[in-house]
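What follows is entry11.txt (compact mmCIF, C-alpha atoms and all ligand atoms).
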```txt
# COMPACT_ATOMS: atom_id res chain seq x y z
CA MET A 1 0.00 0.00 0.00
CA ASP A 2 2.92 2.31 0.70
CA THR A 3 3.65 4.80 -2.01
CA TYR A 4 7.21 5.48 -3.07
CA PRO A 5 8.79 7.56 -0.28
CA LYS A 6 8.98 10.98 -1.95
CA PHE A 7 10.00 12.43 1.39
CA PRO A 8 11.87 10.80 4.23
CA LYS A 9 9.35 9.21 6.55
CA ILE A 10 9.61 7.57 9.93
CA LYS A 11 10.91 4.05 9.41
CA ASN A 12 11.17 2.66 12.91
CA LEU A 13 11.30 3.41 16.60
CA ARG A 14 13.44 1.73 19.22
CA VAL A 15 12.92 2.47 22.90
CA ASN A 16 14.87 1.01 25.81
CA GLY A 17 13.67 1.17 29.38
CA PHE A 18 10.14 2.33 28.56
CA TYR A 19 8.77 3.00 32.08
CA GLY A 20 12.09 1.51 33.19
CA TYR A 21 11.18 -2.11 32.45
CA LYS A 22 10.10 -2.47 28.83
CA ASP A 23 11.67 -2.29 25.38
CA ILE A 24 9.85 -1.30 22.22
CA PHE A 25 10.71 -1.90 18.62
CA MET A 26 8.27 -1.05 15.86
CA GLU A 27 8.21 -0.27 12.17
CA PHE A 28 6.04 2.35 10.50
CA LYS A 29 4.22 2.53 7.20
CA ASP A 30 2.51 5.44 5.45
CA VAL A 31 -0.34 4.74 7.83
CA THR A 32 0.24 3.03 11.17
CA VAL A 33 -2.56 2.32 13.62
CA ILE A 34 -1.47 1.11 17.05
CA VAL A 35 -4.30 -0.61 18.88
CA GLY A 36 -4.33 -1.60 22.54
CA LYS A 37 -6.24 -1.66 25.81
CA ASN A 38 -6.35 1.13 28.40
CA GLY A 39 -3.12 1.86 30.22
CA MET A 40 -0.90 0.00 27.73
CA GLY A 41 1.14 3.13 27.04
CA LYS A 42 -0.35 4.24 23.70
CA THR A 43 -0.62 7.93 24.56
CA THR A 44 2.83 7.85 26.14
CA LEU A 45 4.29 6.28 23.00
CA LEU A 46 2.68 8.91 20.76
CA LYS A 47 3.87 11.74 23.01
CA LEU A 48 7.34 10.27 22.97
CA ILE A 49 7.42 10.32 19.15
CA HIS A 50 6.10 13.89 19.23
CA SER A 51 8.71 15.01 21.79
CA LEU A 52 11.51 13.54 19.68
CA LEU A 53 10.23 15.30 16.57
CA ILE A 54 9.72 18.72 18.11
CA ASN A 55 12.69 18.53 20.47
CA THR A 56 10.92 19.47 23.66
CA SER A 57 10.43 18.28 27.14
CA ASP A 58 13.62 16.38 27.88
CA GLU A 59 12.30 16.03 31.40
CA TYR A 60 9.25 14.26 30.08
CA LEU A 61 11.39 11.85 28.07
CA VAL A 62 13.69 11.19 31.01
CA SER A 63 10.69 10.17 33.08
CA ILE A 64 9.46 7.61 30.58
CA CYS A 65 12.50 5.98 28.99
CA ASN A 66 16.27 5.57 29.08
CA PHE A 67 16.91 5.60 25.38
CA ALA A 68 14.92 6.20 22.20
CA GLU A 69 15.84 6.25 18.55
CA LEU A 70 13.54 7.33 15.73
CA SER A 71 14.91 6.38 12.31
CA PHE A 72 13.83 7.74 8.97
CA THR A 73 13.64 6.06 5.57
CA ASP A 74 16.78 7.91 4.47
CA ASP A 75 18.62 6.24 7.40
CA GLU A 76 18.94 9.52 9.29
CA SER A 77 17.77 9.55 12.88
CA ILE A 78 16.84 11.27 16.10
CA THR A 79 18.15 9.79 19.34
CA PHE A 80 17.59 10.48 22.98
CA GLY A 81 19.22 9.27 26.16
CA GLY A 82 22.17 7.28 27.41
CA LEU A 83 23.57 4.73 25.03
CA ASN A 84 22.97 1.07 25.72
CA ASP A 85 25.49 -1.71 25.01
CA GLU A 86 23.97 -2.46 21.64
CA PHE A 87 24.35 1.14 20.56
CA LYS A 88 27.94 1.27 21.84
CA ARG A 89 28.71 -1.80 19.73
CA ILE A 90 27.18 -0.16 16.65
CA LEU A 91 29.17 3.02 17.31
CA LEU A 92 32.37 1.01 17.63
CA GLU A 93 31.72 -0.95 14.45
CA LYS A 94 31.00 2.23 12.57
CA ALA A 95 34.21 3.81 13.86
CA VAL A 96 36.17 0.73 12.72
CA ASP A 97 34.56 0.79 9.28
CA ASP A 98 35.26 4.51 8.92
CA ARG A 99 38.92 3.94 9.77
CA ILE A 100 39.18 1.11 7.27
CA ASP A 101 37.64 3.32 4.59
CA GLU A 102 40.12 6.03 5.45
CA ILE A 103 43.10 3.67 5.29
CA GLN A 104 41.87 2.07 2.06
CA LYS A 105 41.61 5.49 0.49
CA ASN A 106 45.09 6.52 1.59
CA LYS A 107 46.96 3.29 0.93
CA LYS A 108 44.84 1.99 -1.96
CA LEU A 109 44.50 -1.20 0.06
CA LYS A 110 43.12 -4.24 -1.75
CA SER A 111 39.85 -5.39 -0.24
CA LYS A 112 40.98 -9.01 0.34
CA LYS A 113 43.47 -7.76 2.87
CA THR A 114 40.75 -5.92 4.74
CA ASN A 115 39.65 -8.78 6.95
CA SER A 116 43.11 -9.60 8.16
CA ILE A 117 43.74 -6.06 9.29
CA LYS A 118 40.23 -5.44 10.56
CA LYS A 119 41.02 -6.89 13.96
CA ILE A 120 44.15 -4.76 14.36
CA ILE A 121 42.24 -1.64 13.41
CA ALA A 122 39.37 -2.60 15.73
CA ASP A 123 41.89 -2.78 18.59
CA MET A 124 43.34 0.60 17.62
CA VAL A 125 39.92 2.24 17.41
CA PHE A 126 38.86 0.58 20.64
CA ASN A 127 41.91 1.93 22.48
CA ASP A 128 41.45 5.33 20.91
CA LEU A 129 37.81 5.51 21.95
CA PHE A 130 38.27 4.26 25.47
CA ILE A 131 41.74 5.41 26.44
CA ASN A 132 41.35 8.85 24.91
CA ASN A 133 37.81 9.10 26.25
CA LYS A 134 36.22 9.85 22.91
CA LEU A 135 33.44 7.41 23.60
CA SER A 136 32.63 8.97 26.94
CA ASP A 137 32.36 12.35 25.18
CA THR A 138 29.91 10.81 22.76
CA LEU A 139 28.05 9.23 25.65
CA LYS A 140 27.86 12.52 27.50
CA MET A 141 26.55 14.24 24.41
CA HIS A 142 23.72 11.76 24.16
CA LYS A 143 22.79 11.70 27.81
CA ASP A 144 19.43 13.38 28.41
CA ALA A 145 19.61 15.30 25.16
CA ILE A 146 17.78 14.86 21.90
CA PHE A 147 20.34 14.43 19.18
CA TYR A 148 19.56 15.02 15.50
CA THR A 149 21.71 14.04 12.59
CA GLU A 150 22.45 17.16 10.58
CA LYS A 151 20.22 16.22 7.69
CA THR A 152 17.28 15.42 9.95
CA GLU A 153 17.62 18.68 11.83
CA LYS A 154 17.41 20.65 8.58
CA TYR A 155 14.55 18.52 7.29
CA ILE A 156 12.51 19.03 10.44
CA ARG A 157 13.31 22.71 10.70
CA ASN A 158 12.68 23.61 7.05
CA GLU A 159 10.27 21.13 5.57
CA LEU A 160 8.49 18.67 7.79
CA LYS A 161 5.19 19.74 9.35
CA ILE A 162 4.26 17.99 12.56
CA ARG A 163 0.67 17.91 13.78
CA TYR A 164 -0.45 16.28 17.01
CA ILE A 165 -4.17 15.84 17.48
CA SER A 166 -5.40 14.53 20.79
CA THR A 167 -9.13 13.95 20.63
CA VAL A 168 -9.30 13.82 24.43
CA ASN A 169 -8.02 17.38 24.44
CA ILE A 170 -10.16 18.61 21.58
CA SER A 171 -13.34 17.16 23.05
CA PHE A 172 -12.46 18.94 26.28
CA ASN A 173 -11.83 22.11 24.26
CA ALA A 174 -15.17 21.72 22.51
CA GLU A 175 -16.93 22.36 25.82
CA ASN A 176 -14.48 24.81 27.33
CA ASN A 177 -15.75 28.35 26.80
CA VAL A 178 -13.53 31.40 26.76
CA ASP A 179 -14.35 35.07 26.54
CA VAL A 180 -12.53 36.37 23.47
CA GLY A 181 -12.38 39.93 24.80
CA ASN A 182 -15.66 41.41 23.57
CA SER A 183 -17.80 39.48 26.03
CA ILE A 184 -18.58 37.06 23.25
CA SER A 185 -18.00 33.60 24.56
CA THR A 186 -16.73 30.86 22.30
CA ASN A 187 -14.96 27.59 22.88
CA LEU A 188 -11.36 26.67 22.22
CA LEU A 189 -12.18 24.10 19.57
CA ASP A 190 -14.21 26.58 17.52
CA LEU A 191 -11.43 29.14 17.80
CA ALA A 192 -8.90 26.62 16.56
CA THR A 193 -11.21 25.39 13.80
CA ASN A 194 -11.98 28.91 12.68
CA LYS A 195 -8.25 29.62 12.42
CA GLU A 196 -7.75 26.52 10.26
CA MET A 197 -10.75 27.36 8.08
CA ILE A 198 -9.61 30.96 7.48
CA GLU A 199 -6.19 29.65 6.49
CA LEU A 200 -7.78 27.16 4.12
CA LEU A 201 -10.03 29.79 2.51
CA LYS A 202 -7.08 32.12 2.00
CA ASN A 203 -5.06 29.45 0.21
CA ASP A 204 -4.95 30.07 -3.55
CA ASN A 205 -4.31 26.43 -4.26
CA ARG A 206 -7.77 24.95 -4.84
CA LEU A 207 -6.54 21.37 -4.73
CA TYR A 208 -6.62 20.90 -0.96
CA LYS A 209 -9.69 23.10 -0.49
CA ASP A 210 -11.65 21.04 -3.01
CA ALA A 211 -10.45 17.76 -1.54
CA PHE A 212 -11.48 19.00 1.91
CA LEU A 213 -14.96 19.98 0.70
CA GLU A 214 -15.49 16.73 -1.15
CA GLN A 215 -14.46 14.60 1.80
CA VAL A 216 -16.20 16.62 4.50
CA ASN A 217 -19.38 16.33 2.47
CA ILE A 218 -19.05 12.57 2.17
CA MET A 219 -19.05 12.49 5.97
CA LEU A 220 -21.82 15.09 6.45
CA SER A 221 -24.10 13.45 3.90
CA ASP A 222 -24.74 10.77 6.56
CA THR A 223 -26.86 13.32 8.39
CA ASN A 224 -28.14 15.11 5.32
CA LYS A 225 -25.95 18.19 5.65
CA GLN A 226 -23.61 19.98 3.28
CA PHE A 227 -20.58 22.20 3.81
CA PHE A 228 -20.22 25.39 1.76
CA THR A 229 -17.48 27.99 1.41
CA SER A 230 -17.20 31.44 -0.14
CA ASP A 231 -14.01 33.52 -0.36
CA ASN A 232 -14.13 34.42 3.31
CA GLU A 233 -16.97 32.46 4.85
CA TYR A 234 -18.00 28.91 5.49
CA TRP A 235 -21.22 27.35 6.71
CA VAL A 236 -23.17 24.13 6.79
CA PHE A 237 -26.55 23.73 5.17
CA ASP A 238 -28.95 21.43 6.95
CA LYS A 239 -31.19 19.85 4.32
CA ASN A 240 -33.54 18.51 7.00
CA THR A 241 -34.54 22.00 8.13
CA ASN A 242 -33.35 24.06 5.13
CA LYS A 243 -31.28 26.17 7.48
CA LYS A 244 -27.78 27.58 7.37
CA LEU A 245 -25.77 26.54 10.42
CA THR A 246 -22.68 28.19 11.83
CA LEU A 247 -19.82 26.22 13.32
CA SER A 248 -21.05 26.65 16.88
CA GLN A 249 -24.43 25.17 15.97
CA LEU A 250 -22.91 21.88 14.86
CA SER A 251 -22.56 18.82 17.07
CA SER A 252 -19.37 18.29 18.98
CA GLY A 253 -18.42 15.34 16.72
CA GLU A 254 -19.09 17.33 13.55
CA ARG A 255 -16.96 20.22 14.80
CA GLN A 256 -14.12 17.88 15.73
CA LEU A 257 -14.26 16.22 12.33
CA ILE A 258 -14.10 19.59 10.55
CA TYR A 259 -11.12 20.58 12.69
CA ILE A 260 -9.21 17.38 11.91
CA LEU A 261 -9.92 17.52 8.16
CA ALA A 262 -9.14 21.24 7.84
CA THR A 263 -5.84 20.70 9.67
CA ALA A 264 -4.96 17.93 7.22
CA ALA A 265 -5.90 20.09 4.23
CA ASN A 266 -3.75 22.98 5.46
CA ILE A 267 -0.64 20.82 5.42
CA GLY A 268 -0.77 21.20 1.66
CA ASN A 269 2.28 20.09 -0.28
CA SER A 270 4.61 19.80 2.69
CA PRO A 271 5.80 16.47 3.97
CA ALA A 272 4.13 15.92 7.31
CA ILE A 273 3.69 13.61 10.25
CA PHE A 274 0.11 13.51 11.50
CA LEU A 275 -0.17 12.04 14.99
CA MET A 276 -3.60 11.27 16.40
CA ASP A 277 -4.61 9.98 19.81
CA GLU A 278 -7.98 8.17 19.90
CA PRO A 279 -9.68 9.83 16.92
CA GLU A 280 -12.63 7.48 17.52
CA ILE A 281 -13.78 9.35 20.64
CA SER A 282 -16.00 11.73 18.74
CA LEU A 283 -16.78 9.54 15.75
CA HIS A 284 -19.64 7.17 15.07
CA LEU A 285 -18.59 3.70 13.89
CA SER A 286 -19.29 4.51 10.22
CA TRP A 287 -17.11 7.64 10.47
CA GLN A 288 -14.39 5.65 12.24
CA GLU A 289 -14.28 3.29 9.28
CA LYS A 290 -14.02 6.17 6.81
CA ILE A 291 -11.64 8.54 8.58
CA LEU A 292 -8.36 7.11 7.23
CA ASP A 293 -9.56 7.05 3.67
CA VAL A 294 -10.91 10.57 3.96
CA LEU A 295 -7.67 11.87 5.46
CA ARG A 296 -5.58 10.19 2.76
CA LYS A 297 -7.80 11.64 0.04
CA ILE A 298 -7.48 15.14 1.48
CA ASN A 299 -3.74 14.90 1.82
CA ASN A 300 -1.53 12.11 0.59
CA ASN A 301 1.73 13.73 1.73
CA MET A 302 1.31 12.96 5.38
CA GLN A 303 2.51 9.95 7.25
CA ILE A 304 -0.26 9.09 9.69
CA ILE A 305 0.32 7.52 13.10
CA ILE A 306 -2.76 6.76 15.19
CA VAL A 307 -3.13 5.19 18.63
CA THR A 308 -6.59 3.90 19.38
CA HIS A 309 -8.91 1.43 21.14
CA SER A 310 -10.91 0.98 18.00
CA PRO A 311 -9.94 -1.60 15.37
CA ALA A 312 -12.80 -0.15 13.28
CA ILE A 313 -10.36 2.54 12.14
CA VAL A 314 -8.53 -0.01 9.95
CA MET A 315 -11.58 -1.98 8.76
CA ASN A 316 -12.01 -0.14 5.48
CA GLY A 317 -8.90 -1.28 3.60
CA TYR A 318 -6.19 -0.51 6.15
CA MET A 319 -5.66 -3.91 7.80
CA ASP A 320 -1.99 -3.73 6.77
CA SER A 321 -1.61 -0.68 8.98
CA TYR A 322 -2.76 -2.48 12.15
CA VAL A 323 -0.21 -2.94 14.93
CA ASP A 324 -1.15 -4.61 18.22
CA ILE A 325 0.75 -2.84 20.98
CA LYS A 326 1.25 -6.23 22.68
CA ASN A 327 3.49 -7.24 19.79
CA ILE A 328 5.86 -4.29 19.98
CA VAL A 329 6.34 -3.91 23.73
CA MET A 330 8.60 -6.45 25.38
CA ARG A 331 9.06 -6.69 29.13
CA TYR A 332 12.57 -7.35 30.40
CA ASN A 333 11.48 -10.28 32.56
CA HIS A 334 8.83 -12.57 31.22
CA GLU A 335 7.16 -14.21 34.20
N1 LIG A 401 6.87 6.42 34.82
C1 LIG A 401 6.02 5.39 34.77
N2 LIG A 401 6.40 4.17 35.17
C2 LIG A 401 5.57 3.11 35.08
N3 LIG A 401 4.31 3.19 34.61
C3 LIG A 401 3.86 4.39 34.21
C4 LIG A 401 4.69 5.54 34.27
N4 LIG A 401 3.99 6.59 33.78
C5 LIG A 401 2.79 6.10 33.46
N5 LIG A 401 2.70 4.79 33.72
C6 LIG A 401 1.54 3.90 33.46
O1 LIG A 401 1.29 3.91 32.07
C7 LIG A 401 -0.09 3.94 31.83
C8 LIG A 401 -0.49 5.18 31.09
O2 LIG A 401 -0.13 5.03 29.80
P1 LIG A 401 -0.94 5.74 28.64
O3 LIG A 401 -1.71 6.90 29.09
O4 LIG A 401 0.08 5.93 27.61
O5 LIG A 401 -1.94 4.57 28.29
P2 LIG A 401 -2.94 4.44 27.09
O6 LIG A 401 -2.62 3.14 26.40
O7 LIG A 401 -2.93 5.67 26.28
O8 LIG A 401 -4.29 4.27 27.86
P3 LIG A 401 -5.75 4.77 27.44
O9 LIG A 401 -6.19 3.79 26.40
O10 LIG A 401 -6.53 4.62 28.69
O11 LIG A 401 -5.65 6.16 26.96
C9 LIG A 401 -0.78 3.99 33.15
O12 LIG A 401 -1.29 2.71 33.42
C10 LIG A 401 0.29 4.41 34.11
O13 LIG A 401 0.08 3.81 35.35
MG MG A 402 -4.32 7.17 25.95
```

Go ahead and express the file in the form of structure tokens.
Amino acid sequence: MDTYPKFPKIKNLRVNGFYGYKDIFMEFKDVTVIVGKNGMGKTTLLKLIHSLLINTSDEYLVSICNFAELSFTDDESITFGGLNDEFKRILLEKAVDDRIDEIQKNKKLKSKKTNSIKKIIADMVFNDLFINNKLSDTLKMHKDAIFYTEKTEKYIRNELKIRYISTVNISFNAENNVDVGNSISTNLLDLATNKEMIELLKNDNRLYKDAFLEQVNIMLSDTNKQFFTSDNEYWVFDKNTNKKLTLSQLSSGERQLIYILATAANIGNSPAIFLMDEPEISLHLSWQEKILDVLRKINNNMQIIIVTHSPAIVMNGYMDSYVDIKNIVMRYNHE
């Protein structure tokens, strides 16, 4: 199902000492849906990926794992935390290989001799790293810091858009009213949605706007409603009552759906990582089954990572994307 990786995407995640007693290894596709019961660590895992990507909250990462490495399809990576033995071994091997390359270049060494001198060079590199403390410098650099390879840092800073949507938070925001300064009260979700909608209407590129409208209307047709836009306005027409409805008159689920889809549309041409925690909370089963398809049709540039209780999310053609959290989390000691 995966399309050719036009942009570097997340390839895999390795975590050591998750909550101090678990390891995680998992691979990602264009769409990855991690399903598991309550308290299995889904939200924590998603927040961990988000923290690595946006380089925040070292303290948060320290409290949930010892080491994490997020690798991309171009073999660049983001790492956090103290190095484990496996990583030290990889570092050492890489240092040996680099030295061999260097020597081969300088001495035009024939490759058949390589193996016989590999051990000598390994000893040299080993002594260099340990006796001259280069490894401990590397270790120090990695301890409690998020470390980007140069290419990844540029990619994240200049190109990659990262969106984190927590439905628990947006359903809370849907009910949480604020006074916007003119004694007009609105809620945080409508404010956020309005901002996304204005951005979408302003965009000259019709492609994402049209895709948004088409898909939002597929969803709204379930309840006999239709979404309309002009140059600077948007509204929903309720065919049951022949009335125009504003955002605030829509149901909480409808408003959340519009927010999610508008956010996806606004990503536009950029490569993006779209993280979602429990999108099913506000969605009826038939919308749960459609949401992935709808998101992909609005924007095909984003890599989607979802954590959820609801296997219904993958039912409509996305079985390949299903990951059971039980299969990626390993405890240190199996009782
Ligand atoms: N530092 C920690 N050490 C050990 N366990 C922890 C730690 N922090 C949180 N937990 C446990 O991890 C679980 C919370 O994980 P998380 O919120 O990621 O679960 P979830 O899979 O998203 O659950 P839900 O489906 O209910 O949202 C809780 O059971 C909590 O007790
Ligand atoms: Mg959760």

Please identify all protein, DNA and RNA residues within 8 Å of ligand LIG 401 (chain A), counting all atoms listed in the file, and report them as a ChimeraX atom specification. /A:18-20,36-46,63-64,277-278,307-309

Can you write out the residues you just picked, keeping C-alpha atoms, as a short mmCIF file (atom, residue, chain, number, x, y, z; two decimals), in the frame of the given file?
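Okay, this is what ended up in again-v9.cif:
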```
data_model
loop_
_atom_site.label_atom_id
_atom_site.label_comp_id
_atom_site.auth_asym_id
_atom_site.auth_seq_id
_atom_site.Cartn_x
_atom_site.Cartn_y
_atom_site.Cartn_z
CA PHE A 18 10.14 2.33 28.56
CA TYR A 19 8.77 3.00 32.08
CA GLY A 20 12.09 1.51 33.19
CA GLY A 36 -4.33 -1.60 22.54
CA LYS A 37 -6.24 -1.66 25.81
CA ASN A 38 -6.35 1.13 28.40
CA GLY A 39 -3.12 1.86 30.22
CA MET A 40 -0.90 0.00 27.73
CA GLY A 41 1.14 3.13 27.04
CA LYS A 42 -0.35 4.24 23.70
CA THR A 43 -0.62 7.93 24.56
CA THR A 44 2.83 7.85 26.14
CA LEU A 45 4.29 6.28 23.00
CA LEU A 46 2.68 8.91 20.76
CA SER A 63 10.69 10.17 33.08
CA ILE A 64 9.46 7.61 30.58
CA ASP A 277 -4.61 9.98 19.81
CA GLU A 278 -7.98 8.17 19.90
CA VAL A 307 -3.13 5.19 18.63
CA THR A 308 -6.59 3.90 19.38
CA HIS A 309 -8.91 1.43 21.14
#
```

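Those residues that approach range 318-321 of chain A to within 12 Å, counting all atoms listed in the file, are Met1, Asp2, Glu27, Phe28, Lys29, Asp30, Val31, Thr32, Val33, Ile34, Val35, Gln288, Glu289, Lys290, Ile291, Leu292, Asp293, Arg296, Gln303, Ile304, Ile305, Ile306, Val307, Pro311, Ala312 and Ile313 of chain A; same-chain residues fewer than 5 positions away are not listed.
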
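Closest approach to ligand MG 402 (chain A) among A:Val216, A:Val168, A:Val329, A:Met302: A:Val168, based on all atoms listed in the file.
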
Do you know which residues are at most 7 Å from range 198-203 of chain A counting all atoms listed in the file, after dropping those on the same chain fewer than 5 positions away, and could you put them as a JSON list (two decimals) with C-alpha atoms, in the coordinates of the input?
```
[["chain", "number", "residue", "atom", "x", "y", "z"],
["A", 209, "LYS", "CA", -9.69, 23.10, -0.49],
["A", 231, "ASP", "CA", -14.01, 33.52, -0.36],
["A", 232, "ASN", "CA", -14.13, 34.42, 3.31],
["A", 266, "ASN", "CA", -3.75, 22.98, 5.46]]
```

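Nearest to Glu214 in chain A of all the residues A:Ile260, A:Met197, A:Ile298, A:Ile146 is A:Ile298, counting only C-alpha atoms.
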
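If you count all atoms listed in the file and draw a sphere of 8 Å around (14.2, 6.3, 12.1), the protein and nucleic acid residues inside it come out as Lys9, Ile10, Lys11, Asn12, Leu13, Glu69, Leu70, Ser71, Phe72, Thr73, Asp75, Glu76, Ser77 and Ile78 of chain A.
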
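By chain and then residue number, the residues within 8 Å of Arg14 in chain A are Asp23, Ile24, Phe25, Met26, Ala68, Glu69 and Leu70 of chain A, counting only C-alpha atoms and disregarding those fewer than 5 positions away in sequence.
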
Residue neighbourhood range 240-249 of chain A, 9 Å, only C-alpha atoms, exclusion window fewer than 4 positions, as a PDB file with C-alpha atoms, in the coordinates of the input:
```
ATOM      1  CA  THR A 186     -16.730  30.860  22.300  1.00  0.00           C
ATOM      2  CA  ASN A 187     -14.960  27.590  22.880  1.00  0.00           C
ATOM      3  CA  ASP A 190     -14.210  26.580  17.520  1.00  0.00           C
ATOM      4  CA  THR A 193     -11.210  25.390  13.800  1.00  0.00           C
ATOM      5  CA  ASN A 194     -11.980  28.910  12.680  1.00  0.00           C
ATOM      6  CA  THR A 223     -26.860  13.320   8.390  1.00  0.00           C
ATOM      7  CA  ASN A 224     -28.140  15.110   5.320  1.00  0.00           C
ATOM      8  CA  LYS A 225     -25.950  18.190   5.650  1.00  0.00           C
ATOM      9  CA  TYR A 234     -18.000  28.910   5.490  1.00  0.00           C
ATOM     10  CA  TRP A 235     -21.220  27.350   6.710  1.00  0.00           C
ATOM     11  CA  VAL A 236     -23.170  24.130   6.790  1.00  0.00           C
ATOM     12  CA  GLU A 254     -19.090  17.330  13.550  1.00  0.00           C
ATOM     13  CA  ARG A 255     -16.960  20.220  14.800  1.00  0.00           C
TER      14      ARG A 255
END
```

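With distances taken over all atoms listed in the file, A:Ile281 is the one residue among A:Ile281, A:Asn301, A:Val294, A:Thr229 lying closest to ligand MG 402 (chain A).
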
10 Å contact set for Phe147 in chain A, only C-alpha atoms, chain neighbours under 5 positions out, as an NGL selection string:
:A and (52 or 55 or 69 or 77-81 or 141-142 or 152-153)

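CA of Glu93 in chain A is found 28.2 Å from CA of Leu48 in chain A.
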
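Proximity to Ile165 in chain A was assessed for A:Lys94, A:Lys195, A:Lys326, A:His50 counting only C-alpha atoms; the smallest distance is recorded for A:His50.
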
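Distance-wise, CA of Leu220 in chain A and CA of Gly268 in chain A end up 22.4 Å apart.
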
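Each of A:Val62, A:Phe227, A:Pro279, A:Pro271 was checked against ligand MG 402 (chain A) using only C-alpha atoms and all ligand atoms; the smallest atom-to-atom distance is that of A:Pro279.
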
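Comparing the minimum interatomic distances between ligand MG 402 (chain A) and each of A:Leu285, A:Met276, A:Val15, A:Met330, counting all atoms listed in the file, we find that A:Met276 sits nearest.
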
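CA of Phe237 in chain A to CA of Ser221 in chain A spans 10.6 Å [interatomic distance, one decimal].
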